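*Asks:* Provided herewith: final-v5.txt, compact mmCIF, N, CA, C and O atoms.
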```
# COMPACT_ATOMS: atom_id res chain seq x y z
N MET N 30 71.72 87.11 78.64
CA MET N 30 72.57 87.17 79.81
C MET N 30 72.23 88.44 80.60
O MET N 30 72.05 89.51 80.02
N LEU N 31 72.11 88.30 81.90
CA LEU N 31 71.85 89.45 82.75
C LEU N 31 73.03 90.42 82.70
O LEU N 31 74.18 90.01 82.54
N GLN N 32 72.72 91.70 82.85
CA GLN N 32 73.79 92.70 82.83
C GLN N 32 74.84 92.42 83.89
O GLN N 32 76.04 92.59 83.64
N SER N 33 74.42 91.99 85.07
CA SER N 33 75.38 91.73 86.14
C SER N 33 76.32 90.57 85.78
O SER N 33 77.51 90.60 86.09
N LYS N 34 75.81 89.56 85.11
CA LYS N 34 76.64 88.43 84.67
C LYS N 34 77.59 88.88 83.57
O LYS N 34 78.75 88.46 83.52
N ALA N 35 77.10 89.73 82.69
CA ALA N 35 77.94 90.25 81.61
C ALA N 35 79.10 91.06 82.20
O ALA N 35 80.23 90.99 81.71
N TRP N 36 78.80 91.83 83.25
CA TRP N 36 79.86 92.60 83.89
C TRP N 36 80.95 91.68 84.42
O TRP N 36 82.14 91.93 84.24
N ALA N 37 80.56 90.61 85.09
CA ALA N 37 81.53 89.69 85.67
C ALA N 37 82.44 89.11 84.58
O ALA N 37 83.67 89.02 84.75
N SER N 38 81.87 88.76 83.46
CA SER N 38 82.64 88.22 82.35
C SER N 38 83.56 89.28 81.75
O SER N 38 84.73 89.03 81.47
N PHE N 39 83.01 90.48 81.56
CA PHE N 39 83.79 91.60 81.02
C PHE N 39 84.97 91.93 81.94
O PHE N 39 86.10 92.11 81.47
N GLU N 40 84.70 92.00 83.24
CA GLU N 40 85.76 92.34 84.19
C GLU N 40 86.88 91.30 84.16
O GLU N 40 88.06 91.64 84.14
N ALA N 41 86.51 90.03 84.15
CA ALA N 41 87.52 88.97 84.11
C ALA N 41 88.38 89.09 82.86
O ALA N 41 89.61 88.98 82.92
N ASP N 42 87.74 89.35 81.74
CA ASP N 42 88.46 89.49 80.47
C ASP N 42 89.44 90.67 80.53
O ASP N 42 90.59 90.56 80.09
N LYS N 43 88.99 91.80 81.05
CA LYS N 43 89.84 92.99 81.12
C LYS N 43 90.96 92.84 82.14
O LYS N 43 92.07 93.32 81.96
N ARG N 44 90.66 92.14 83.24
CA ARG N 44 91.68 91.89 84.26
C ARG N 44 92.81 91.04 83.66
O ARG N 44 93.99 91.33 83.84
N ILE N 45 92.44 90.00 82.91
CA ILE N 45 93.42 89.16 82.22
C ILE N 45 94.20 89.99 81.21
O ILE N 45 95.39 89.79 81.01
N GLY N 46 93.51 90.96 80.59
CA GLY N 46 94.14 91.83 79.60
C GLY N 46 95.05 92.88 80.18
O GLY N 46 95.65 93.66 79.45
N GLY N 47 95.15 92.93 81.51
CA GLY N 47 96.08 93.85 82.15
C GLY N 47 95.54 95.24 82.45
O GLY N 47 96.31 96.15 82.71
N PHE N 48 94.24 95.41 82.41
CA PHE N 48 93.66 96.71 82.75
C PHE N 48 93.95 97.03 84.21
O PHE N 48 93.94 96.14 85.06
N SER N 49 94.16 98.30 84.50
CA SER N 49 94.48 98.71 85.88
C SER N 49 93.25 98.61 86.77
O SER N 49 92.11 98.63 86.29
N GLN N 50 93.50 98.54 88.08
CA GLN N 50 92.41 98.50 89.06
C GLN N 50 91.56 99.76 88.95
O GLN N 50 90.34 99.70 89.08
N GLN N 51 92.20 100.89 88.71
CA GLN N 51 91.45 102.15 88.62
C GLN N 51 90.52 102.13 87.40
O GLN N 51 89.38 102.57 87.48
N THR N 52 91.00 101.63 86.28
CA THR N 52 90.17 101.54 85.09
C THR N 52 89.00 100.59 85.33
O THR N 52 87.86 100.89 84.97
N LEU N 53 89.28 99.45 85.96
CA LEU N 53 88.21 98.49 86.26
C LEU N 53 87.17 99.09 87.20
O LEU N 53 85.97 98.86 87.04
N LYS N 54 87.61 99.89 88.17
CA LYS N 54 86.66 100.54 89.08
C LYS N 54 85.79 101.54 88.32
O LYS N 54 84.58 101.64 88.58
N ALA N 55 86.38 102.26 87.37
CA ALA N 55 85.61 103.22 86.57
C ALA N 55 84.58 102.48 85.73
O ALA N 55 83.42 102.91 85.62
N TYR N 56 84.98 101.36 85.12
CA TYR N 56 84.04 100.56 84.33
C TYR N 56 82.94 99.99 85.22
O TYR N 56 81.78 99.94 84.82
N LEU N 57 83.30 99.57 86.41
CA LEU N 57 82.30 99.03 87.34
C LEU N 57 81.27 100.10 87.68
O LEU N 57 80.06 99.83 87.68
N LEU N 58 81.72 101.31 87.96
CA LEU N 58 80.80 102.40 88.27
C LEU N 58 79.82 102.62 87.12
O LEU N 58 78.60 102.71 87.33
N GLN N 59 80.33 102.68 85.91
CA GLN N 59 79.45 102.90 84.75
C GLN N 59 78.48 101.73 84.60
O GLN N 59 77.30 101.93 84.28
N SER N 60 78.95 100.52 84.84
CA SER N 60 78.09 99.35 84.75
C SER N 60 76.97 99.40 85.80
O SER N 60 75.82 99.11 85.50
N LEU N 61 77.32 99.77 87.02
CA LEU N 61 76.32 99.86 88.08
C LEU N 61 75.28 100.92 87.79
O LEU N 61 74.08 100.74 88.07
N LEU N 62 75.70 102.04 87.21
CA LEU N 62 74.75 103.09 86.84
C LEU N 62 73.78 102.58 85.77
O LEU N 62 72.58 102.84 85.83
N LEU N 63 74.31 101.84 84.81
CA LEU N 63 73.47 101.29 83.76
C LEU N 63 72.50 100.26 84.32
O LEU N 63 71.31 100.27 83.99
N ILE N 64 72.98 99.40 85.19
CA ILE N 64 72.11 98.38 85.82
C ILE N 64 71.06 99.05 86.68
O ILE N 64 69.90 98.64 86.69
N ASP N 65 71.42 100.11 87.39
CA ASP N 65 70.45 100.82 88.21
C ASP N 65 69.33 101.42 87.35
O ASP N 65 68.17 101.40 87.73
N TYR N 66 69.69 101.94 86.20
CA TYR N 66 68.70 102.57 85.32
C TYR N 66 67.76 101.54 84.70
O TYR N 66 66.55 101.71 84.71
N PHE N 67 68.32 100.47 84.13
CA PHE N 67 67.51 99.48 83.43
C PHE N 67 67.10 98.30 84.30
O PHE N 67 66.35 97.44 83.86
N LYS N 68 67.61 98.25 85.52
CA LYS N 68 67.48 97.09 86.40
C LYS N 68 68.34 95.99 85.79
O LYS N 68 68.92 96.14 84.75
N ASP N 69 68.42 94.88 86.43
CA ASP N 69 69.32 93.81 85.97
C ASP N 69 68.60 92.95 84.95
O ASP N 69 68.26 91.79 85.20
N VAL N 70 68.35 93.53 83.77
CA VAL N 70 67.60 92.83 82.73
C VAL N 70 68.53 92.02 81.83
O VAL N 70 69.75 92.22 81.84
N GLU N 71 67.93 91.16 81.05
CA GLU N 71 68.68 90.43 80.05
C GLU N 71 69.19 91.43 79.01
O GLU N 71 68.43 92.27 78.50
N MET N 72 70.45 91.36 78.70
CA MET N 72 71.05 92.31 77.76
C MET N 72 70.39 92.26 76.39
O MET N 72 70.30 93.27 75.70
N GLU N 73 69.92 91.08 76.01
CA GLU N 73 69.30 90.93 74.70
C GLU N 73 68.02 91.76 74.57
O GLU N 73 67.56 92.02 73.46
N LEU N 74 67.46 92.17 75.71
CA LEU N 74 66.23 92.96 75.69
C LEU N 74 66.49 94.45 75.47
O LEU N 74 65.55 95.20 75.20
N LEU N 75 67.74 94.87 75.58
CA LEU N 75 68.08 96.28 75.38
C LEU N 75 68.42 96.52 73.92
O LEU N 75 69.07 95.70 73.28
N ASP N 76 67.98 97.67 73.41
CA ASP N 76 68.35 98.03 72.04
C ASP N 76 69.07 99.38 72.03
O ASP N 76 69.18 100.05 73.05
N THR N 77 69.56 99.75 70.88
CA THR N 77 70.34 100.97 70.74
C THR N 77 69.55 102.20 71.16
O THR N 77 70.08 103.10 71.80
N ASN N 78 68.27 102.25 70.82
CA ASN N 78 67.45 103.41 71.18
C ASN N 78 67.33 103.56 72.70
O ASN N 78 67.34 104.67 73.22
N GLN N 79 67.21 102.45 73.41
CA GLN N 79 67.14 102.52 74.88
C GLN N 79 68.46 103.04 75.45
O GLN N 79 68.46 103.83 76.40
N LEU N 80 69.58 102.60 74.89
CA LEU N 80 70.88 103.09 75.37
C LEU N 80 71.04 104.58 75.08
O LEU N 80 71.56 105.33 75.91
N LYS N 81 70.56 105.02 73.92
CA LYS N 81 70.63 106.45 73.60
C LYS N 81 69.75 107.26 74.56
O LYS N 81 70.13 108.35 74.97
N GLU N 82 68.59 106.72 74.92
CA GLU N 82 67.72 107.38 75.89
C GLU N 82 68.44 107.52 77.23
O GLU N 82 68.41 108.57 77.86
N TYR N 83 69.09 106.44 77.65
CA TYR N 83 69.86 106.47 78.90
C TYR N 83 70.92 107.56 78.86
O TYR N 83 71.09 108.31 79.80
N LEU N 84 71.60 107.68 77.75
CA LEU N 84 72.65 108.68 77.62
C LEU N 84 72.09 110.10 77.57
O LEU N 84 72.72 111.04 78.04
N ALA N 85 70.91 110.25 77.01
CA ALA N 85 70.31 111.58 76.86
C ALA N 85 69.78 112.13 78.17
O ALA N 85 69.81 113.33 78.39
N ILE N 86 69.30 111.27 79.06
CA ILE N 86 68.67 111.75 80.28
C ILE N 86 69.60 111.62 81.48
O ILE N 86 70.23 112.59 81.87
N PRO N 87 69.75 110.44 82.06
CA PRO N 87 70.63 110.36 83.23
C PRO N 87 72.10 110.31 82.84
O PRO N 87 72.96 110.41 83.68
N GLY N 88 72.39 110.17 81.55
CA GLY N 88 73.77 110.08 81.11
C GLY N 88 74.56 111.35 81.26
O GLY N 88 75.73 111.40 80.95
N LYS N 89 73.92 112.41 81.76
CA LYS N 89 74.62 113.68 81.96
C LYS N 89 75.80 113.52 82.90
O LYS N 89 76.75 114.27 82.83
N HIS N 90 75.75 112.54 83.79
CA HIS N 90 76.83 112.35 84.76
C HIS N 90 77.97 111.50 84.20
O HIS N 90 78.98 111.34 84.86
N LEU N 91 77.81 110.94 82.99
CA LEU N 91 78.87 110.13 82.42
C LEU N 91 79.99 111.01 81.89
O LEU N 91 79.75 112.11 81.42
N ASN N 92 81.20 110.51 81.95
CA ASN N 92 82.31 111.31 81.45
C ASN N 92 82.39 111.21 79.93
O ASN N 92 81.86 110.31 79.31
N ARG N 93 83.08 112.16 79.32
CA ARG N 93 83.12 112.24 77.85
C ARG N 93 83.64 110.98 77.16
O ARG N 93 83.06 110.57 76.16
N PRO N 94 84.72 110.35 77.62
CA PRO N 94 85.17 109.14 76.92
C PRO N 94 84.10 108.05 76.88
O PRO N 94 83.94 107.38 75.87
N VAL N 95 83.35 107.90 77.96
CA VAL N 95 82.29 106.89 77.97
C VAL N 95 81.21 107.28 76.98
O VAL N 95 80.69 106.44 76.25
N LEU N 96 80.85 108.54 76.93
CA LEU N 96 79.83 108.98 75.99
C LEU N 96 80.26 108.72 74.54
O LEU N 96 79.46 108.29 73.72
N HIS N 97 81.51 108.96 74.23
CA HIS N 97 82.01 108.72 72.87
C HIS N 97 81.95 107.24 72.53
O HIS N 97 81.57 106.88 71.42
N ILE N 98 82.30 106.38 73.44
CA ILE N 98 82.28 104.94 73.19
C ILE N 98 80.87 104.45 72.95
O ILE N 98 80.59 103.77 71.96
N VAL N 99 79.94 104.84 73.82
CA VAL N 99 78.58 104.33 73.71
C VAL N 99 77.85 104.98 72.56
O VAL N 99 77.06 104.33 71.88
N SER N 100 78.10 106.25 72.27
CA SER N 100 77.40 106.89 71.17
C SER N 100 77.85 106.35 69.83
O SER N 100 77.15 106.49 68.82
N ALA N 101 79.00 105.69 69.78
CA ALA N 101 79.47 105.06 68.55
C ALA N 101 78.67 103.83 68.21
O ALA N 101 78.77 103.30 67.10
N LEU N 102 77.86 103.32 69.15
CA LEU N 102 77.02 102.16 68.88
C LEU N 102 76.02 102.53 67.83
O LEU N 102 75.48 101.87 67.10
```
Could you render the structure from this file as structure tokens?
*Replies:*
Amino acid sequence: MLQSKAWASFEADKRIGGFSQQTLKAYLLQSLLLIDYFKDVEMELLDTNQLKEYLAIPGKHLNRPVLHIVSAL
């Protein structure tokens, strides 16, 4: 599944779950940054090492809660 399609599914799920608009906007921003870095590739093609690379280099702009969530992978 393309990252952009995964985002749409994730957003719908969280919206149904009652997440606030502000939280969804924050998640969207993080998703767009990830898509910009890897391009809109199939998610199955990404592995943990690639995500760690993303966090180590351009991930400097990510906020701490996001870093904790993704580094737990």
*Asks:* Would you please work out which residue, of N:Gln79, N:Ala85, N:Glu71, N:Trp36, is nearest to Leu57 of chain N when using only C-alpha atoms?
*Replies:*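 Of N:Gln79, N:Ala85, N:Glu71, N:Trp36, the one nearest Leu57 of chain N, counting only C-alpha atoms, is N:Trp36.
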*Asks:* Record the distance separating atom O of Asn78 of chain N and atom C of Tyr66 of chain N, expressed in Å with one decimal.
*Replies:*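 Value for the atom O of Asn78 of chain N-atom C of Tyr66 of chain N distance: 11.9 Å.
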*Asks:* Have a look at atom C of Gln51 of chain N and atom CA of Ile86 of chain N and let me know their distance in Å, one decimal.
*Replies:* 24.9 Å
*Asks:* Grab the atom CA of Leu58 of chain N to atom CA of Val70 of chain N distance for me, in Å with one decimal place.
*Replies:*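 Rounded to one decimal, the two atoms are 17.2 Å apart.
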*Asks:* Show me, as a ChimeraX atom specification, the residues that have an atom within 8 Å of Ser33 of chain N when counting only N, CA, C and O atoms, minus same-chain residues fewer than 2 positions from it.
*Replies:* /N:30-31,35-40,60,64,68-72
*Asks:* Of the residues N:Lys43, N:Ala55, N:Phe48, N:Leu63, which is the one nearest to Leu84 of chain N, using only C-alpha atoms?
*Replies:* N:Leu63
*Asks:* Extract the full set of alpha helix (DSSP H) residues from segment 47-92 of chain N according to DSSP on the backbone, and format it as an MDAnalysis selection string.
*Replies:* chainID N and resid 50:67 77:85
